[in-house]
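This is target_25.pdb (PDB, C-alpha atoms).
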ATOM      1  CA  GLN A   1     153.823  57.438 -38.544
ATOM      2  CA  GLU A   2     150.891  59.689 -37.751
ATOM      3  CA  GLN A   3     149.078  58.667 -34.613
ATOM      4  CA  VAL A   4     146.802  60.061 -31.942
ATOM      5  CA  ALA A   5     146.516  58.714 -28.432
ATOM      6  CA  GLU A   6     143.768  59.362 -25.896
ATOM      7  CA  SER A   7     144.092  59.469 -22.141
ATOM      8  CA  GLY A   8     142.220  60.762 -19.146
ATOM      9  CA  GLY A   9     139.323  58.354 -18.924
ATOM     10  CA  GLY A  10     138.280  56.768 -15.666
ATOM     11  CA  SER A  11     135.471  56.004 -13.269
ATOM     12  CA  VAL A  12     133.549  58.906 -11.762
ATOM     13  CA  GLN A  13     130.379  59.416  -9.819
ATOM     14  CA  ILE A  14     127.275  61.093 -11.175
ATOM     15  CA  GLY A  15     127.881  64.815 -11.516
ATOM     16  CA  GLY A  16     131.643  64.406 -11.756
ATOM     17  CA  SER A  17     134.046  65.779 -14.350
ATOM     18  CA  LEU A  18     136.898  64.488 -16.470
ATOM     19  CA  ARG A  19     139.393  65.928 -18.917
ATOM     20  CA  LEU A  20     140.268  63.734 -21.861
ATOM     21  CA  SER A  21     143.435  64.386 -23.846
ATOM     22  CA  CYS A  22     144.334  63.534 -27.430
ATOM     23  CA  VAL A  23     148.021  63.861 -28.220
ATOM     24  CA  ALA A  24     149.254  63.776 -31.802
ATOM     25  CA  SER A  25     152.543  62.211 -32.824
ATOM     26  CA  GLY A  26     154.206  62.239 -36.219
ATOM     27  CA  PHE A  27     152.424  65.440 -37.234
ATOM     28  CA  THR A  28     151.161  68.721 -35.794
ATOM     29  CA  TYR A  29     147.611  69.864 -35.346
ATOM     30  CA  SER A  30     147.797  72.710 -37.826
ATOM     31  CA  ALA A  31     144.869  73.129 -40.196
ATOM     32  CA  ALA A  32     143.462  69.831 -38.968
ATOM     33  CA  CYS A  33     140.031  68.709 -37.969
ATOM     34  CA  VAL A  34     139.935  66.901 -34.637
ATOM     35  CA  ALA A  35     136.872  65.288 -33.166
ATOM     36  CA  TRP A  36     135.813  63.298 -30.152
ATOM     37  CA  PHE A  37     133.446  60.388 -30.575
ATOM     38  CA  ARG A  38     131.847  58.129 -27.997
ATOM     39  CA  GLN A  39     130.544  54.621 -28.279
ATOM     40  CA  PRO A  40     128.360  53.321 -25.454
ATOM     41  CA  PRO A  41     128.140  49.540 -25.014
ATOM     42  CA  GLY A  42     126.080  48.008 -27.811
ATOM     43  CA  LYS A  43     125.498  51.338 -29.582
ATOM     44  CA  GLU A  44     126.812  53.215 -32.580
ATOM     45  CA  ARG A  45     129.770  55.549 -32.367
ATOM     46  CA  GLU A  46     128.670  59.201 -32.438
ATOM     47  CA  GLY A  47     130.520  62.472 -32.687
ATOM     48  CA  VAL A  48     130.149  64.727 -29.650
ATOM     49  CA  ALA A  49     132.569  67.584 -30.360
ATOM     50  CA  ALA A  50     134.903  68.729 -33.115
ATOM     51  CA  LEU A  51     137.470  71.441 -33.618
ATOM     52  CA  TYR A  52     139.085  72.977 -36.651
ATOM     53  CA  THR A  53     142.558  73.763 -35.307
ATOM     54  CA  GLY A  54     143.349  76.406 -37.896
ATOM     55  CA  SER A  55     140.561  78.786 -36.907
ATOM     56  CA  GLY A  56     139.507  77.398 -33.532
ATOM     57  CA  LYS A  57     135.964  76.859 -34.766
ATOM     58  CA  THR A  58     134.123  74.275 -32.694
ATOM     59  CA  TYR A  59     131.134  72.024 -33.271
ATOM     60  CA  TYR A  60     129.051  70.159 -30.701
ATOM     61  CA  LEU A  61     126.373  67.546 -30.617
ATOM     62  CA  ASP A  62     123.346  69.645 -29.668
ATOM     63  CA  VAL A  63     122.378  67.629 -26.606
ATOM     64  CA  GLU A  64     125.873  68.018 -25.138
ATOM     65  CA  LYS A  65     126.295  71.743 -25.589
ATOM     66  CA  GLY A  66     127.124  73.247 -22.216
ATOM     67  CA  ARG A  67     128.465  70.029 -20.676
ATOM     68  CA  PHE A  68     131.298  69.200 -23.075
ATOM     69  CA  THR A  69     134.052  71.586 -24.152
ATOM     70  CA  ILE A  70     136.675  70.917 -26.807
ATOM     71  CA  SER A  71     139.897  72.947 -26.801
ATOM     72  CA  GLN A  72     143.491  72.755 -27.916
ATOM     73  CA  ASP A  73     146.974  73.439 -26.586
ATOM     74  CA  VAL A  74     149.165  74.169 -29.578
ATOM     75  CA  ALA A  75     152.430  73.916 -27.641
ATOM     76  CA  GLN A  76     151.514  70.459 -26.340
ATOM     77  CA  ASN A  77     150.057  69.364 -29.702
ATOM     78  CA  THR A  78     147.052  68.208 -27.726
ATOM     79  CA  VAL A  79     143.301  68.531 -28.043
ATOM     80  CA  PHE A  80     141.193  68.222 -24.913
ATOM     81  CA  LEU A  81     137.607  67.286 -24.190
ATOM     82  CA  ASP A  82     136.316  68.526 -20.855
ATOM     83  CA  LEU A  83     133.307  66.563 -19.608
ATOM     84  CA  SER A  84     131.178  67.953 -16.798
ATOM     85  CA  ASN A  85     128.055  66.932 -14.885
ATOM     86  CA  LEU A  86     128.584  63.380 -16.060
ATOM     87  CA  GLN A  87     125.618  61.007 -16.091
ATOM     88  CA  PRO A  88     125.385  57.203 -16.390
ATOM     89  CA  GLU A  89     124.402  57.553 -20.047
ATOM     90  CA  ASP A  90     127.801  59.164 -20.708
ATOM     91  CA  THR A  91     129.448  55.809 -19.987
ATOM     92  CA  ALA A  92     131.256  54.935 -23.202
ATOM     93  CA  LEU A  93     134.551  54.424 -24.934
ATOM     94  CA  TYR A  94     135.682  57.862 -26.088
ATOM     95  CA  TYR A  95     137.739  58.112 -29.265
ATOM     96  CA  CYS A  96     139.786  60.914 -30.737
ATOM     97  CA  ALA A  97     139.998  61.213 -34.517
ATOM     98  CA  THR A  98     141.764  63.620 -36.805
ATOM     99  CA  GLU A  99     142.234  64.529 -40.423
ATOM    100  CA  ARG A 100     145.034  66.808 -41.577
ATOM    101  CA  ASP A 101     144.464  69.635 -44.028
ATOM    102  CA  CYS A 102     140.724  69.200 -43.895
ATOM    103  CA  PRO A 103     138.548  71.654 -45.832
ATOM    104  CA  PRO A 104     135.828  73.764 -44.206
ATOM    105  CA  LEU A 105     133.125  71.480 -42.894
ATOM    106  CA  THR A 106     129.512  71.750 -41.898
ATOM    107  CA  ALA A 107     128.647  70.746 -38.354
ATOM    108  CA  ARG A 108     127.124  67.504 -39.635
ATOM    109  CA  GLN A 109     130.312  66.648 -41.523
ATOM    110  CA  ALA A 110     132.587  67.604 -38.630
ATOM    111  CA  LEU A 111     130.722  65.256 -36.283
ATOM    112  CA  GLY A 112     130.581  62.436 -38.810
ATOM    113  CA  LYS A 113     133.009  59.533 -38.967
ATOM    114  CA  ALA A 114     133.671  59.700 -42.699
ATOM    115  CA  VAL A 115     135.937  62.757 -42.524
ATOM    116  CA  TYR A 116     138.559  61.257 -40.246
ATOM    117  CA  GLY A 117     141.401  58.990 -41.307
ATOM    118  CA  THR A 118     143.398  58.717 -38.103
ATOM    119  CA  TRP A 119     141.824  57.264 -34.966
ATOM    120  CA  GLY A 120     143.048  56.507 -31.481
ATOM    121  CA  GLN A 121     142.388  53.377 -29.468
ATOM    122  CA  GLY A 122     139.906  55.029 -27.129
ATOM    123  CA  THR A 123     139.719  55.793 -23.436
ATOM    124  CA  GLN A 124     136.969  54.412 -21.207
ATOM    125  CA  VAL A 125     134.668  56.688 -19.215
ATOM    126  CA  THR A 126     132.428  55.027 -16.641
ATOM    127  CA  VAL A 127     129.867  56.991 -14.635
ATOM    128  CA  SER A 128     128.167  55.374 -11.663
ATOM    129  CA  SER A 129     126.138  56.316  -8.623
TER     130      SER A 129
END
Encoded form (structure tokens):
Amino acid sequence: QEQVAESGGGSVQIGGSLRLSCVASGFTYSAACVAWFRQPPGKEREGVAALYTGSGKTYYLDVEKGRFTISQDVAQNTVFLDLSNLQPEDTALYYCATERDCPPLTARQALGKAVYGTWGQGTQVTVSS
């Protein structure tokens, strides 16, 4: 069974950093699209970063460029999301999603929910003063 599982969330103070991990099981991240989404309390889920594992091409939500970095470790079959300079508005449940053998995507498509068929359960990030 193909699954992804997130970890690495937690509670941090303003300005802190976290590394979120998304480990795949039942398949490998080759020629896959992998994205991180966040859903703040009472708000819609939005894509913040995406990666095409075949080429390494990355996509970011414009407002988060420079603070969030998506990367992969092929040997660990893991995709990471590094969060820096965290602010209270970053408090959210962060989800990893993936789609195998995905075609080339535009940035809008890569950060949209419709592309992805496999989702994790989410990991909570809480930022406080």
Practice task
Return the single residue from A:Leu51, A:Cys102, A:Cys96, A:Leu86 that is closest to Ser129 (chain A), with distances computed using only C-alpha atoms.
Solution key: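 Once distances to Ser129 (chain A) are computed over only C-alpha atoms, the minimum belongs to A:Leu86.
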Practice task
Using all atoms listed in the file, pick whichever of A:Gly47, A:Gly26, A:Gly10, A:Gly15 has the shortest atom-to-atom distance to Asn77 (chain A).
Solution key: A:Gly26
Practice task
Please evaluate the PyMOL selection byres ((chain A and resi 115-121) around 9) against the displayed coordinates and give the resulting residues as a list in words.
Solution key: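 Expected selection for the PyMOL selection byres ((chain A and resi 115-121) around 9) here is Glu2, Gln3, Val4, Ala5, Glu6, Cys22, Cys33, Val34, Ala35, Tyr94, Tyr95, Cys96, Ala97, Thr98, Glu99, Arg100, Cys102, Gln109, Ala110, Leu111, Gly112, Lys113, Ala114, Gly122 and Thr123 of chain A.
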Apply the PyMOL selection byres ((chain A and resi 16-20) around 12) to the file shown and report the selected residues as a PDB file with C-alpha atoms, in the frame of the given file.
ATOM      1  CA  ALA A   5     146.516  58.714 -28.432  1.00  0.00           C
ATOM      2  CA  GLU A   6     143.768  59.362 -25.896  1.00  0.00           C
ATOM      3  CA  SER A   7     144.092  59.469 -22.141  1.00  0.00           C
ATOM      4  CA  GLY A   8     142.220  60.762 -19.146  1.00  0.00           C
ATOM      5  CA  GLY A   9     139.323  58.354 -18.924  1.00  0.00           C
ATOM      6  CA  GLY A  10     138.280  56.768 -15.666  1.00  0.00           C
ATOM      7  CA  SER A  11     135.471  56.004 -13.269  1.00  0.00           C
ATOM      8  CA  VAL A  12     133.549  58.906 -11.762  1.00  0.00           C
ATOM      9  CA  GLN A  13     130.379  59.416  -9.819  1.00  0.00           C
ATOM     10  CA  ILE A  14     127.275  61.093 -11.175  1.00  0.00           C
ATOM     11  CA  GLY A  15     127.881  64.815 -11.516  1.00  0.00           C
ATOM     12  CA  SER A  21     143.435  64.386 -23.846  1.00  0.00           C
ATOM     13  CA  CYS A  22     144.334  63.534 -27.430  1.00  0.00           C
ATOM     14  CA  VAL A  23     148.021  63.861 -28.220  1.00  0.00           C
ATOM     15  CA  ALA A  35     136.872  65.288 -33.166  1.00  0.00           C
ATOM     16  CA  TRP A  36     135.813  63.298 -30.152  1.00  0.00           C
ATOM     17  CA  PHE A  37     133.446  60.388 -30.575  1.00  0.00           C
ATOM     18  CA  ARG A  38     131.847  58.129 -27.997  1.00  0.00           C
ATOM     19  CA  ARG A  67     128.465  70.029 -20.676  1.00  0.00           C
ATOM     20  CA  PHE A  68     131.298  69.200 -23.075  1.00  0.00           C
ATOM     21  CA  THR A  69     134.052  71.586 -24.152  1.00  0.00           C
ATOM     22  CA  ILE A  70     136.675  70.917 -26.807  1.00  0.00           C
ATOM     23  CA  SER A  71     139.897  72.947 -26.801  1.00  0.00           C
ATOM     24  CA  GLN A  72     143.491  72.755 -27.916  1.00  0.00           C
ATOM     25  CA  THR A  78     147.052  68.208 -27.726  1.00  0.00           C
ATOM     26  CA  VAL A  79     143.301  68.531 -28.043  1.00  0.00           C
ATOM     27  CA  PHE A  80     141.193  68.222 -24.913  1.00  0.00           C
ATOM     28  CA  LEU A  81     137.607  67.286 -24.190  1.00  0.00           C
ATOM     29  CA  ASP A  82     136.316  68.526 -20.855  1.00  0.00           C
ATOM     30  CA  LEU A  83     133.307  66.563 -19.608  1.00  0.00           C
ATOM     31  CA  SER A  84     131.178  67.953 -16.798  1.00  0.00           C
ATOM     32  CA  ASN A  85     128.055  66.932 -14.885  1.00  0.00           C
ATOM     33  CA  LEU A  86     128.584  63.380 -16.060  1.00  0.00           C
ATOM     34  CA  GLN A  87     125.618  61.007 -16.091  1.00  0.00           C
ATOM     35  CA  PRO A  88     125.385  57.203 -16.390  1.00  0.00           C
ATOM     36  CA  ASP A  90     127.801  59.164 -20.708  1.00  0.00           C
ATOM     37  CA  THR A  91     129.448  55.809 -19.987  1.00  0.00           C
ATOM     38  CA  LEU A  93     134.551  54.424 -24.934  1.00  0.00           C
ATOM     39  CA  TYR A  94     135.682  57.862 -26.088  1.00  0.00           C
ATOM     40  CA  TYR A  95     137.739  58.112 -29.265  1.00  0.00           C
ATOM     41  CA  CYS A  96     139.786  60.914 -30.737  1.00  0.00           C
ATOM     42  CA  GLY A 122     139.906  55.029 -27.129  1.00  0.00           C
ATOM     43  CA  THR A 123     139.719  55.793 -23.436  1.00  0.00           C
ATOM     44  CA  GLN A 124     136.969  54.412 -21.207  1.00  0.00           C
ATOM     45  CA  VAL A 125     134.668  56.688 -19.215  1.00  0.00           C
ATOM     46  CA  THR A 126     132.428  55.027 -16.641  1.00  0.00           C
ATOM     47  CA  VAL A 127     129.867  56.991 -14.635  1.00  0.00           C
ATOM     48  CA  SER A 128     128.167  55.374 -11.663  1.00  0.00           C
ATOM     49  CA  SER A 129     126.138  56.316  -8.623  1.00  0.00           C
TER      50      SER A 129
END
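When CA of Gly54 (chain A) is paired with CA of Thr28 (chain A), their separation reads 11.2 Å.
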